[in-house]
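Trainee: Coordinates in entry21.txt, compact mmCIF, C-alpha atoms, are listed below.
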# COMPACT_ATOMS: atom_id res chain seq x y z
CA MET Y 231 -15.08 -15.27 -77.99
CA GLU Y 232 -14.87 -17.36 -81.11
CA LEU Y 233 -12.56 -20.38 -81.06
CA LYS Y 234 -9.72 -18.75 -82.99
CA GLN Y 235 -9.63 -15.75 -80.65
CA LEU Y 236 -10.05 -18.02 -77.61
CA ASN Y 237 -7.05 -20.12 -78.61
CA GLN Y 238 -5.00 -16.95 -79.05
CA VAL Y 239 -6.00 -15.61 -75.61
CA VAL Y 240 -5.23 -18.92 -73.90
CA ASP Y 241 -1.85 -19.07 -75.64
CA GLU Y 242 -1.03 -15.51 -74.53
CA ASN Y 243 -1.85 -16.36 -70.92
CA ILE Y 244 -0.48 -19.90 -70.65
CA ILE Y 245 2.79 -18.98 -68.90
CA PHE Y 246 0.88 -16.95 -66.30
CA PHE Y 247 -1.55 -19.88 -65.83
CA GLN Y 248 1.44 -22.17 -65.28
CA ARG Y 249 2.68 -19.92 -62.48
CA GLN Y 250 -0.72 -20.11 -60.82
CA LEU Y 251 -0.78 -23.90 -61.18
CA ALA Y 252 2.73 -24.15 -59.71
CA ARG Y 253 1.43 -22.61 -56.47
CA LEU Y 254 -0.84 -25.64 -56.06
CA ILE Y 255 1.53 -28.34 -57.28
CA GLN Y 256 4.01 -27.36 -54.55
CA ILE Y 257 1.46 -28.28 -51.86
CA PRO Y 258 1.71 -32.05 -51.11
CA SER Y 259 -2.04 -32.39 -50.62
CA ILE Y 260 -2.09 -36.07 -49.66
CA LYS Y 261 -4.76 -37.05 -47.14
CA GLY Y 262 -3.39 -36.83 -43.61
CA VAL Y 263 -4.40 -36.90 -39.98
CA ALA Y 264 -7.54 -34.91 -39.23
CA HIS Y 265 -7.03 -31.62 -37.38
CA ALA Y 266 -9.28 -28.80 -36.33
CA ASN Y 267 -10.31 -26.95 -39.50
CA ALA Y 268 -8.61 -29.64 -41.60
CA PRO Y 269 -10.73 -32.84 -41.62
CA PHE Y 270 -8.65 -34.51 -44.36
CA GLY Y 271 -5.30 -33.23 -43.13
CA LYS Y 272 -3.48 -29.92 -43.22
CA GLN Y 273 -2.16 -30.20 -46.78
CA PRO Y 274 -5.49 -30.76 -48.60
CA ARG Y 275 -6.86 -27.84 -46.59
CA ALA Y 276 -3.85 -25.72 -47.61
CA ALA Y 277 -4.49 -26.55 -51.26
CA LEU Y 278 -8.11 -25.45 -50.92
CA THR Y 279 -7.03 -22.18 -49.31
CA GLU Y 280 -4.57 -21.51 -52.15
CA ALA Y 281 -7.04 -22.34 -54.93
CA LEU Y 282 -9.64 -19.98 -53.44
CA LYS Y 283 -6.98 -17.30 -53.01
CA ILE Y 284 -6.12 -17.55 -56.71
CA ALA Y 285 -9.82 -17.36 -57.60
CA GLN Y 286 -10.21 -14.26 -55.42
CA GLU Y 287 -7.26 -12.65 -57.20
CA TYR Y 288 -9.28 -12.97 -60.43
CA GLY Y 289 -12.16 -11.10 -58.79
CA LEU Y 290 -14.40 -14.14 -58.56
CA LYS Y 291 -16.80 -14.71 -55.70
CA ILE Y 292 -15.51 -17.49 -53.41
CA THR Y 293 -17.13 -19.73 -50.80
CA GLN Y 294 -15.65 -22.33 -48.46
CA LEU Y 295 -17.69 -25.05 -46.78
CA ALA Y 296 -16.67 -26.97 -43.64
CA ASP Y 297 -12.97 -26.92 -44.58
CA GLN Y 298 -13.73 -29.66 -47.11
CA VAL Y 299 -14.86 -28.04 -50.33
CA GLY Y 300 -14.94 -24.59 -51.87
CA TRP Y 301 -15.93 -22.88 -55.07
CA ALA Y 302 -15.41 -19.86 -57.26
CA GLU Y 303 -18.49 -18.36 -58.81
CA LEU Y 304 -19.55 -16.07 -61.62
CA PRO Y 305 -23.09 -14.98 -60.71
CA GLY Y 306 -25.75 -15.27 -63.38
CA GLN Y 307 -29.29 -14.08 -63.93
CA SER Y 308 -30.47 -17.17 -62.03
CA SER Y 309 -29.28 -18.59 -58.72
CA ASN Y 310 -29.37 -22.02 -60.35
CA TYR Y 311 -25.92 -23.01 -61.51
CA VAL Y 312 -23.81 -25.16 -63.80
CA ALA Y 313 -20.46 -26.43 -62.63
CA ALA Y 314 -17.00 -27.81 -63.25
CA LEU Y 315 -16.03 -30.08 -60.37
CA GLY Y 316 -12.53 -31.33 -59.61
CA HIS Y 317 -10.27 -32.25 -56.73
CA LEU Y 318 -7.12 -30.83 -55.15
CA ASP Y 319 -6.09 -33.88 -53.11
CA VAL Y 320 -3.49 -36.20 -54.63
CA VAL Y 321 -2.06 -39.65 -54.04
CA ALA Y 322 1.39 -40.12 -52.52
CA ALA Y 323 4.51 -39.59 -54.64
CA PRO Y 324 7.32 -41.88 -53.43
CA ARG Y 325 10.59 -40.34 -54.63
CA PRO Y 326 12.26 -43.33 -56.38
CA GLY Y 327 11.48 -43.21 -60.08
CA TRP Y 328 10.76 -39.49 -60.35
CA GLN Y 329 13.05 -37.60 -62.71
CA SER Y 330 12.00 -34.27 -61.19
CA GLU Y 331 10.71 -33.09 -57.83
CA PRO Y 332 7.12 -34.40 -57.60
CA PHE Y 333 5.89 -31.33 -55.73
CA GLU Y 334 7.35 -28.78 -58.08
CA LEU Y 335 5.89 -27.93 -61.47
CA THR Y 336 8.61 -28.86 -63.95
CA VAL Y 337 8.28 -27.71 -67.56
CA LYS Y 338 10.26 -29.45 -70.31
CA ASN Y 339 9.44 -28.63 -73.90
CA ASP Y 340 5.69 -29.33 -74.32
CA TYR Y 341 5.34 -31.23 -71.03
CA MET Y 342 4.50 -30.26 -67.46
CA TYR Y 343 5.47 -32.72 -64.72
CA GLY Y 344 4.38 -32.95 -61.09
CA ARG Y 345 2.06 -34.82 -58.77
CA GLY Y 346 -1.47 -33.65 -59.53
CA VAL Y 347 -0.65 -31.94 -62.81
CA LEU Y 348 -3.13 -34.28 -64.53
CA ASP Y 349 -5.01 -35.73 -61.55
CA ASN Y 350 -6.53 -33.26 -60.97
CA LYS Y 351 -5.04 -29.84 -60.20
CA GLY Y 352 -4.13 -28.97 -63.80
CA PRO Y 353 -7.58 -29.68 -65.28
CA ILE Y 354 -9.67 -28.10 -62.49
CA MET Y 355 -7.43 -25.02 -62.37
CA GLY Y 356 -7.87 -24.89 -66.14
CA ALA Y 357 -11.61 -24.57 -65.50
CA LEU Y 358 -10.90 -21.73 -63.06
CA PHE Y 359 -8.79 -19.97 -65.67
CA ALA Y 360 -11.64 -20.42 -68.18
CA LEU Y 361 -14.04 -18.85 -65.69
CA ALA Y 362 -11.61 -15.96 -65.14
CA LEU Y 363 -11.53 -15.35 -68.90
CA LEU Y 364 -15.33 -15.23 -68.97
CA LYS Y 365 -15.32 -12.67 -66.16
CA LYS Y 366 -12.63 -10.60 -67.85
CA GLU Y 367 -14.80 -10.20 -70.95
CA ASN Y 368 -17.73 -9.10 -68.73
CA TYR Y 369 -19.78 -12.14 -69.66
CA GLN Y 370 -23.12 -12.24 -67.85
CA PRO Y 371 -24.38 -15.84 -67.81
CA ARG Y 372 -27.98 -16.91 -67.78
CA GLN Y 373 -27.17 -19.53 -65.11
CA THR Y 374 -24.60 -18.96 -62.40
CA ILE Y 375 -21.29 -20.77 -63.08
CA ARG Y 376 -19.30 -22.51 -60.35
CA VAL Y 377 -15.87 -24.12 -60.35
CA ILE Y 378 -15.93 -26.47 -57.36
CA PHE Y 379 -12.78 -27.69 -55.57
CA GLY Y 380 -13.01 -30.91 -53.58
CA THR Y 381 -10.33 -32.28 -51.26
CA ASP Y 382 -11.21 -35.95 -50.68
CA GLU Y 383 -11.76 -37.57 -54.07
CA GLU Y 384 -8.87 -40.01 -53.72
CA SER Y 385 -10.12 -41.32 -50.35
CA GLY Y 386 -13.88 -41.73 -50.63
CA SER Y 387 -15.41 -38.33 -51.53
CA ALA Y 388 -16.68 -37.52 -48.05
CA ASP Y 389 -16.30 -33.86 -49.06
CA LEU Y 390 -19.17 -34.11 -51.53
CA LYS Y 391 -21.43 -35.74 -48.98
CA THR Y 392 -20.98 -32.57 -46.97
CA TYR Y 393 -21.57 -30.43 -50.07
CA ASN Y 394 -24.76 -32.27 -50.99
CA SER Y 395 -26.10 -31.93 -47.45
CA VAL Y 396 -25.96 -28.13 -47.74
CA GLU Y 397 -26.01 -27.09 -51.40
CA LYS Y 398 -28.56 -27.78 -54.11
CA PRO Y 399 -27.18 -29.75 -57.07
CA PRO Y 400 -26.07 -28.11 -60.32
CA LEU Y 401 -28.35 -28.12 -63.32
CA ALA Y 402 -25.51 -29.64 -65.33
CA GLY Y 403 -21.76 -29.88 -65.33
CA PHE Y 404 -18.64 -31.97 -65.71
CA THR Y 405 -15.64 -33.25 -63.82
CA PRO Y 406 -12.38 -33.04 -65.81
CA ASP Y 407 -11.04 -36.14 -64.07
CA GLY Y 408 -11.63 -38.91 -66.57
CA LYS Y 409 -11.03 -38.80 -70.29
CA TYR Y 410 -12.30 -37.40 -73.58
CA PRO Y 411 -14.79 -37.56 -75.20
CA VAL Y 412 -17.72 -37.37 -72.73
CA VAL Y 413 -17.97 -40.37 -70.40
CA TYR Y 414 -21.56 -41.55 -70.08
CA ALA Y 415 -20.90 -44.76 -68.11
CA GLU Y 416 -18.40 -45.81 -65.45
CA ARG Y 417 -17.92 -49.43 -64.42
CA GLY Y 418 -18.74 -50.73 -60.99
CA MET Y 419 -15.86 -51.32 -58.60
CA VAL Y 420 -15.44 -53.59 -55.61
CA ARG Y 421 -12.36 -53.83 -53.38
CA LEU Y 422 -11.82 -57.13 -51.65
CA SER Y 423 -9.48 -59.04 -49.38
CA LEU Y 424 -9.09 -62.79 -49.54
CA LEU Y 425 -7.80 -64.55 -46.43
CA ILE Y 426 -6.47 -68.02 -47.22
CA LYS Y 427 -5.84 -70.25 -44.22
CA ILE Y 428 -2.71 -72.39 -44.56
CA LYS Y 429 -3.65 -75.29 -42.30
CA ASP Y 430 -0.60 -77.43 -42.96
CA GLN Y 431 3.09 -76.56 -42.42
CA SER Y 432 3.81 -75.76 -46.06
CA ALA Y 433 4.42 -72.05 -45.29
CA SER Y 434 6.44 -72.52 -42.12
CA ASP Y 435 9.55 -71.06 -43.78
CA ILE Y 436 7.83 -67.78 -44.79
CA ALA Y 437 8.09 -64.74 -42.53
CA ALA Y 438 6.42 -61.97 -44.55
CA ILE Y 439 5.64 -60.39 -47.92
CA ASP Y 440 6.77 -56.77 -48.17
CA GLY Y 441 6.12 -54.11 -50.76
CA GLU Y 442 4.73 -50.67 -51.47
CA PHE Y 443 1.06 -51.59 -51.62
CA SER Y 444 -1.75 -49.18 -52.48
CA PRO Y 445 -5.20 -49.56 -54.07
CA SER Y 446 -4.16 -46.84 -56.53
CA TYR Y 447 -1.58 -48.87 -58.47
CA LEU Y 448 -0.05 -52.30 -59.04
CA PRO Y 449 3.31 -52.79 -57.30
CA ASP Y 450 6.57 -52.85 -59.24
CA ARG Y 451 8.69 -54.38 -56.45
CA VAL Y 452 7.90 -56.92 -53.72
CA GLN Y 453 9.98 -59.08 -51.38
CA LEU Y 454 9.35 -62.54 -49.98
CA LYS Y 455 11.04 -62.74 -46.59
CA PHE Y 456 11.95 -66.08 -45.04
CA VAL Y 457 12.31 -67.12 -41.41
CA SER Y 458 15.98 -67.78 -42.14
CA GLY Y 459 16.48 -64.09 -42.90
CA GLN Y 460 16.89 -64.61 -46.62
CA ARG Y 461 14.90 -62.48 -49.06
CA GLN Y 462 13.79 -62.88 -52.65
CA THR Y 463 12.94 -59.76 -54.63
CA TYR Y 464 10.55 -59.65 -57.60
CA SER Y 465 10.20 -56.71 -59.97
CA GLY Y 466 7.60 -55.41 -62.38
CA ILE Y 467 6.30 -52.23 -64.00
CA LYS Y 468 4.02 -49.97 -61.94
CA THR Y 469 0.68 -48.99 -63.45
CA PRO Y 470 -2.52 -47.38 -62.14
CA SER Y 471 -5.03 -49.93 -60.86
CA ASN Y 472 -7.62 -48.83 -63.43
CA ALA Y 473 -5.19 -49.78 -66.24
CA PRO Y 474 -3.64 -53.07 -65.05
CA ASP Y 475 -2.95 -54.27 -68.59
CA LEU Y 476 -0.37 -51.52 -69.08
CA GLY Y 477 2.00 -52.77 -66.38
CA LYS Y 478 3.67 -55.86 -65.03
CA ASN Y 479 2.57 -56.87 -61.55
CA ALA Y 480 5.46 -57.79 -59.26
CA LEU Y 481 3.05 -59.90 -57.20
CA ALA Y 482 2.39 -62.02 -60.28
CA ALA Y 483 6.13 -62.65 -60.60
CA LEU Y 484 6.34 -63.67 -56.94
CA ALA Y 485 3.33 -65.96 -57.14
CA GLN Y 486 4.46 -67.61 -60.35
CA ALA Y 487 7.88 -68.30 -58.87
CA GLN Y 488 6.35 -69.82 -55.73
CA SER Y 489 3.40 -71.68 -57.28
CA SER Y 490 5.42 -74.89 -57.64
CA ARG Y 491 5.48 -75.25 -53.87
CA THR Y 492 3.53 -78.14 -52.41
CA GLY Y 493 0.74 -78.10 -49.85
CA LYS Y 494 -1.77 -75.36 -49.10
CA ILE Y 495 0.66 -72.51 -49.72
CA GLY Y 496 1.29 -73.87 -53.21
CA GLU Y 497 -2.46 -73.91 -53.86
CA ALA Y 498 -2.73 -70.33 -52.57
CA PHE Y 499 0.15 -69.07 -54.72
CA LYS Y 500 -1.36 -70.76 -57.81
CA TRP Y 501 -4.58 -68.78 -57.26
CA LEU Y 502 -2.63 -65.58 -56.67
CA ALA Y 503 -0.61 -66.15 -59.85
CA ALA Y 504 -3.79 -66.64 -61.89
CA ALA Y 505 -5.48 -63.57 -60.38
CA ALA Y 506 -2.46 -61.27 -60.72
CA THR Y 507 -1.37 -62.41 -64.20
CA ASP Y 508 -4.64 -62.33 -66.15
CA THR Y 509 -6.16 -58.88 -65.71
CA THR Y 510 -9.42 -59.99 -67.39
CA GLY Y 511 -10.17 -62.41 -64.53
CA SER Y 512 -10.75 -65.31 -66.91
CA GLN Y 513 -8.24 -67.61 -65.17
CA ILE Y 514 -10.17 -67.39 -61.91
CA GLY Y 515 -13.61 -67.75 -63.50
CA ILE Y 516 -14.86 -64.16 -63.52
CA GLY Y 517 -14.10 -63.05 -67.07
CA TYR Y 518 -16.94 -60.98 -68.53
CA VAL Y 519 -17.35 -58.68 -71.52
CA GLY Y 520 -20.19 -56.15 -71.53
CA LYS Y 521 -21.67 -54.89 -74.78
CA VAL Y 522 -21.45 -51.29 -73.58
CA SER Y 523 -18.50 -51.04 -71.21
CA GLY Y 524 -16.17 -53.81 -72.34
CA LYS Y 525 -14.04 -56.25 -70.36
CA LEU Y 526 -13.95 -56.80 -66.63
CA GLN Y 527 -10.62 -55.85 -65.03
CA ILE Y 528 -8.98 -57.26 -61.92
CA SER Y 529 -6.06 -55.55 -60.17
CA VAL Y 530 -4.18 -57.39 -57.43
CA TYR Y 531 -2.47 -54.57 -55.56
CA GLY Y 532 -1.40 -56.07 -52.23
CA ALA Y 533 -0.49 -59.23 -50.34
CA ALA Y 534 0.72 -60.21 -46.89
CA TYR Y 535 1.64 -63.39 -45.06
CA LEU Y 536 0.34 -63.35 -41.50
CA ALA Y 537 2.61 -65.85 -39.77
CA SER Y 538 0.83 -65.58 -36.41
CA THR Y 539 -2.44 -66.85 -37.92
CA GLN Y 540 -0.93 -68.79 -40.85
CA GLN Y 541 -2.89 -66.82 -43.44
CA LEU Y 542 -2.06 -65.43 -46.85
CA ARG Y 543 -3.98 -62.21 -47.47
CA VAL Y 544 -4.54 -60.95 -51.02
CA ASP Y 545 -5.93 -57.46 -51.63
CA PHE Y 546 -7.48 -56.72 -55.00
CA SER Y 547 -10.06 -54.64 -56.83
CA ILE Y 548 -12.40 -55.59 -59.65
CA ARG Y 549 -13.91 -53.11 -62.09
CA TYR Y 550 -16.88 -54.73 -63.73
CA PRO Y 551 -19.09 -53.83 -66.73
CA ILE Y 552 -22.38 -52.05 -66.12
CA GLU Y 553 -24.29 -55.11 -67.41
CA LEU Y 554 -23.00 -57.24 -64.52
CA THR Y 555 -24.23 -56.97 -60.93
CA GLN Y 556 -22.00 -57.14 -57.88
CA GLU Y 557 -23.96 -60.15 -56.66
CA GLN Y 558 -23.29 -62.05 -59.90
CA LEU Y 559 -19.63 -61.10 -59.74
CA ILE Y 560 -19.16 -62.31 -56.16
CA GLN Y 561 -21.03 -65.52 -56.93
CA ASN Y 562 -18.74 -66.27 -59.88
CA LEU Y 563 -15.64 -65.38 -57.86
CA THR Y 564 -16.56 -67.56 -54.91
CA LYS Y 565 -16.79 -70.68 -57.06
CA GLY Y 566 -13.07 -70.70 -57.81
CA LEU Y 567 -11.53 -69.64 -54.49
CA PRO Y 568 -8.94 -71.80 -52.71
CA THR Y 569 -10.21 -74.03 -49.91
CA ASN Y 570 -10.29 -72.62 -46.37
CA SER Y 571 -10.53 -69.02 -47.58
CA LEU Y 572 -12.64 -66.06 -46.48
CA LEU Y 573 -13.65 -63.26 -48.87
CA LEU Y 574 -14.15 -59.78 -47.39
CA VAL Y 575 -15.73 -56.84 -49.25
CA ARG Y 576 -13.84 -53.67 -48.27
CA GLN Y 577 -15.56 -51.17 -50.56
CA ALA Y 578 -18.28 -51.38 -53.18
CA ILE Y 579 -19.25 -48.76 -55.77
CA ALA Y 580 -22.14 -49.45 -58.14
CA PRO Y 581 -21.88 -48.79 -61.88
CA PHE Y 582 -22.75 -45.32 -63.14
CA TYR Y 583 -24.79 -44.55 -66.26
CA ARG Y 584 -26.18 -41.49 -68.04
CA ASP Y 585 -28.17 -41.54 -71.28
CA PRO Y 586 -25.65 -40.58 -74.00
CA GLN Y 587 -28.45 -38.75 -75.83
CA LEU Y 588 -28.93 -36.23 -73.03
CA PRO Y 589 -28.72 -32.65 -74.38
CA ILE Y 590 -25.80 -31.75 -72.08
CA ILE Y 591 -23.80 -34.75 -73.29
CA GLN Y 592 -24.54 -33.95 -76.92
CA LYS Y 593 -23.52 -30.34 -76.31
CA MET Y 594 -20.19 -31.40 -74.79
CA SER Y 595 -19.57 -33.82 -77.64
CA SER Y 596 -20.03 -31.10 -80.24
CA ILE Y 597 -17.68 -28.74 -78.38
CA TYR Y 598 -15.03 -31.45 -78.16
CA GLU Y 599 -15.28 -32.08 -81.90
CA MET Y 600 -15.09 -28.37 -82.68
CA VAL Y 601 -11.96 -27.79 -80.59
CA THR Y 602 -10.08 -30.99 -81.46
CA GLY Y 603 -11.42 -32.11 -84.82
CA LEU Y 604 -11.77 -35.61 -83.34
CA ASP Y 605 -14.76 -37.94 -83.06
CA GLY Y 606 -16.86 -36.90 -80.06
CA THR Y 607 -18.98 -40.04 -79.68
CA PRO Y 608 -19.55 -40.55 -75.91
CA VAL Y 609 -17.52 -43.33 -74.27
CA THR Y 610 -17.32 -45.47 -71.13
CA THR Y 611 -14.51 -45.82 -68.61
CA THR Y 612 -13.00 -47.97 -65.87
CA GLY Y 613 -12.43 -44.86 -63.79
CA ILE Y 614 -14.25 -43.83 -60.61
CA THR Y 615 -14.97 -40.09 -60.62
CA TYR Y 616 -16.88 -37.39 -58.77
CA ALA Y 617 -19.66 -37.85 -61.35
CA ARG Y 618 -21.12 -40.47 -59.01
CA SER Y 619 -21.18 -38.03 -56.09
CA LEU Y 620 -22.95 -34.99 -57.52
CA PRO Y 621 -26.16 -35.12 -59.59
CA ASN Y 622 -26.15 -34.02 -63.23
CA ILE Y 623 -22.36 -34.30 -63.57
CA VAL Y 624 -20.42 -36.42 -66.09
CA ALA Y 625 -16.70 -36.98 -66.56
CA PHE Y 626 -15.32 -34.92 -69.45
CA GLY Y 627 -11.54 -34.84 -69.88
CA PRO Y 628 -8.68 -34.42 -69.30
CA SER Y 629 -6.93 -37.36 -71.03
CA PHE Y 630 -7.20 -37.54 -74.80
CA PRO Y 631 -7.59 -40.81 -76.75
CA GLY Y 632 -4.49 -43.00 -76.41
CA GLN Y 633 -3.37 -41.38 -73.14
CA ARG Y 634 -3.60 -44.03 -70.39
CA GLY Y 635 -1.73 -44.94 -67.25
CA ILE Y 636 -0.39 -41.46 -66.44
CA ALA Y 637 -1.95 -40.60 -63.08
CA HIS Y 638 -0.85 -42.17 -59.77
CA LYS Y 639 2.59 -42.98 -61.23
CA GLU Y 640 6.02 -41.42 -61.17
CA ASN Y 641 6.57 -38.52 -63.58
CA GLU Y 642 2.88 -37.68 -63.90
CA TRP Y 643 2.56 -35.37 -66.90
CA LEU Y 644 0.29 -33.15 -68.93
CA ARG Y 645 1.16 -31.68 -72.31
CA ILE Y 646 0.98 -27.90 -72.41
CA SER Y 647 -0.63 -28.03 -75.85
CA ASP Y 648 -3.25 -30.42 -74.47
CA TRP Y 649 -3.83 -28.16 -71.46
CA GLN Y 650 -4.53 -25.29 -73.83
CA LYS Y 651 -7.17 -27.40 -75.59
CA ILE Y 652 -8.61 -28.44 -72.22
CA ILE Y 653 -8.97 -24.82 -71.11
CA ALA Y 654 -10.67 -23.92 -74.41
CA ILE Y 655 -13.04 -26.89 -74.08
CA GLU Y 656 -13.84 -25.93 -70.48
CA TYR Y 657 -14.45 -22.29 -71.43
CA LEU Y 658 -16.86 -23.20 -74.22
CA THR Y 659 -18.58 -25.90 -72.16
CA LEU Y 660 -19.21 -23.70 -69.14
CA LYS Y 661 -20.47 -20.91 -71.37
CA SER Y 662 -22.73 -23.20 -73.38
CA LEU Y 663 -24.19 -24.94 -70.33
CA ALA Y 664 -24.83 -21.58 -68.68
CA GLU Y 665 -26.99 -20.54 -71.64
CA MET Y 666 -29.08 -23.72 -71.83
CA ASP Y 667 -32.78 -23.71 -70.94
CA PHE Y 668 -33.37 -26.37 -68.29
CA ASN Y 669 -37.10 -25.77 -67.86
As structure tokens - that is how I would like this structure written.
Mentor:
Amino acid sequence: MELKQLNQVVDENIIFFQRQLARLIQIPSIKGVAHANAPFGKQPRAALTEALKIAQEYGLKITQLADQVGWAELPGQSSNYVAALGHLDVVAAPRPGWQSEPFELTVKNDYMYGRGVLDNKGPIMGALFALALLKKENYQPRQTIRVIFGTDEESGSADLKTYNSVEKPPLAGFTPDGKYPVVYAERGMVRLSLLIKIKDQSASDIAAIDGEFSPSYLPDRVQLKFVSGQRQTYSGIKTPSNAPDLGKNALAALAQAQSSRTGKIGEAFKWLAAAATDTTGSQIGIGYVGKVSGKLQISVYGAAYLASTQQLRVDFSIRYPIELTQEQLIQNLTKGLPTNSLLLVRQAIAPFYRDPQLPIIQKMSSIYEMVTGLDGTPVTTTGITYARSLPNIVAFGPSFPGQRGIAHKENEWLRISDWQKIIAIEYLTLKSLAEMDFN
């Protein structure tokens, strides 16, 4: 199909595609307790079952592996394959702040709302719909085409470790779980906890620090609880942890208000205020700007006061440019830490890089330009995607330039008009990759 006809076909089918997507949005596929036949919890497994059921309804060949990952397939002349890879698991959706039910697909004008509509059910189901269109027109690809559904992207990607232990890698492909244009580099990320020992009695009046803390976003409300029973509440604006500059960290407000205190707790709150306020890390001595991937970002997403051990714990993540090593980062960070503190590395993910001149990246760039009319020069990101977990994959979509801070928040959205472009891009990309000569 040529682009004009493709756009018309997608437009004619978009309401039906929405109904299919709604079947997945209604499943609260947050990671849960492991069960037999559901290693990441019953709901992610239910989402996988439903996605494969929809694929089977389109007449596509389906496969399920270890209750963790599955795929729909359009067989080609070769058993080698190209792929679109996305995930069906989602982060939690606390009800306050939502203007619609998070686990219902709500359509208002040109917008679809619901947890996972952008991250990542809408985009990966868009790839399935693109594959269904290819099958409907009796397309016979040179390489087999797979649309792969993972169920553990938000919690460590253990699903793809299982996949890689059994399946050969794709020749090429993309994960629609980042942004447009093609992403050729992703920053490194390290999650840390800092334990600050308060050796004097300067925190004897503090009982606890409470809040809704998650590595996925910066908190918009925290409470400082005192031994007396009094509480002080601090507010902010929630934002995803990979876009800390778009929000207002409630922990920064707390720390700034308490940084005038004397003694060791005052010293600790001063450090916390500096770390939580300046998202570039410059105030705590770790600011860095890479020529390729831009500024370092720090996101302070959690804190606790442990009265029994007289420790203030600060939980934070740092996304660092590909030109910087984790060792250099930790060395710079350690120099400015408060006295009597212990730094713990909770998780470390190395930077990711692909040559932007690779033929598959150039092919995706040209398709993006053709569909959108926008500049397709490959870009870098602060995001952490499946591209690190499966060889020959890069992030490609779904967010268009200027669209930031949508996922992991209340009222997660995706424009219907954008979804139509995404499906067209995915159709053309899968078809083009399937015809490439990889010898």
Trainee: Padding of 4 Å on every side, edges along x, y and z, all listed atoms of range 584-593 of chain Y included: what centre and edge lengths in Å, to one decimal, does that box have, as lines of an AutoDock Vina configuration file?
Mentor:
center_x = -26.2
center_y = -35.9
center_z = -72.5
size_x = 13.4
size_y = 19.2
size_z = 16.9
Trainee: With a distance cut-off of 10 Å and only C-alpha atoms, select the neighbouring residues of Ala402 in chain Y, excluding the residue or stretch itself and same-chain residues fewer than 5 positions from it, and output the selection as a list in words.
Mentor: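 Close residues of Ala402 in chain Y: Asn310, Tyr311, Val312, Ala313, Ala314, Ile590, Ile591, Leu620, Pro621, Asn622, Ile623, Val624, Leu660, Leu663, Ala664, Met666 and Phe668 of chain Y.
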Trainee: So that I can check the surroundings of range 571-587 of chain Y, please list as a compact mmCIF listing (two decimals) with C-alpha atoms, in the coordinates of the input every protein, DNA and RNA residue that reaches within 10 Å of it, counting only C-alpha atoms and ignoring chain neighbours fewer than 3 positions away.
Mentor:
# COMPACT_ATOMS: atom_id res chain seq x y z
CA GLY Y 386 -13.88 -41.73 -50.63
CA VAL Y 412 -17.72 -37.37 -72.73
CA VAL Y 413 -17.97 -40.37 -70.40
CA TYR Y 414 -21.56 -41.55 -70.08
CA ALA Y 415 -20.90 -44.76 -68.11
CA GLU Y 416 -18.40 -45.81 -65.45
CA ARG Y 417 -17.92 -49.43 -64.42
CA GLY Y 418 -18.74 -50.73 -60.99
CA MET Y 419 -15.86 -51.32 -58.60
CA VAL Y 420 -15.44 -53.59 -55.61
CA ARG Y 421 -12.36 -53.83 -53.38
CA LEU Y 422 -11.82 -57.13 -51.65
CA SER Y 423 -9.48 -59.04 -49.38
CA LEU Y 424 -9.09 -62.79 -49.54
CA LEU Y 425 -7.80 -64.55 -46.43
CA ILE Y 426 -6.47 -68.02 -47.22
CA LYS Y 427 -5.84 -70.25 -44.22
CA ILE Y 428 -2.71 -72.39 -44.56
CA ALA Y 498 -2.73 -70.33 -52.57
CA GLN Y 541 -2.89 -66.82 -43.44
CA LEU Y 542 -2.06 -65.43 -46.85
CA ARG Y 543 -3.98 -62.21 -47.47
CA VAL Y 544 -4.54 -60.95 -51.02
CA ASP Y 545 -5.93 -57.46 -51.63
CA PHE Y 546 -7.48 -56.72 -55.00
CA SER Y 547 -10.06 -54.64 -56.83
CA ILE Y 548 -12.40 -55.59 -59.65
CA ARG Y 549 -13.91 -53.11 -62.09
CA TYR Y 550 -16.88 -54.73 -63.73
CA PRO Y 551 -19.09 -53.83 -66.73
CA ILE Y 552 -22.38 -52.05 -66.12
CA GLU Y 553 -24.29 -55.11 -67.41
CA LEU Y 554 -23.00 -57.24 -64.52
CA THR Y 555 -24.23 -56.97 -60.93
CA GLN Y 556 -22.00 -57.14 -57.88
CA ILE Y 560 -19.16 -62.31 -56.16
CA LEU Y 563 -15.64 -65.38 -57.86
CA THR Y 564 -16.56 -67.56 -54.91
CA LEU Y 567 -11.53 -69.64 -54.49
CA PRO Y 568 -8.94 -71.80 -52.71
CA ILE Y 590 -25.80 -31.75 -72.08
CA ILE Y 591 -23.80 -34.75 -73.29
CA GLN Y 592 -24.54 -33.95 -76.92
CA LYS Y 593 -23.52 -30.34 -76.31
CA SER Y 595 -19.57 -33.82 -77.64
CA THR Y 607 -18.98 -40.04 -79.68
CA PRO Y 608 -19.55 -40.55 -75.91
CA VAL Y 609 -17.52 -43.33 -74.27
CA THR Y 610 -17.32 -45.47 -71.13
CA THR Y 611 -14.51 -45.82 -68.61
CA THR Y 612 -13.00 -47.97 -65.87
CA ILE Y 614 -14.25 -43.83 -60.61
CA THR Y 615 -14.97 -40.09 -60.62
CA ALA Y 617 -19.66 -37.85 -61.35
CA ARG Y 618 -21.12 -40.47 -59.01
CA ASN Y 622 -26.15 -34.02 -63.23
CA ILE Y 623 -22.36 -34.30 -63.57
CA VAL Y 624 -20.42 -36.42 -66.09
Trainee: So the first atom is CA of Pro406 in chain Y and the second is CA of Ile655 in chain Y; what is the distance between them in Å, to one decimal place?
Mentor: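 We find that CA of Pro406 in chain Y and CA of Ile655 in chain Y lie 10.3 Å from each other.
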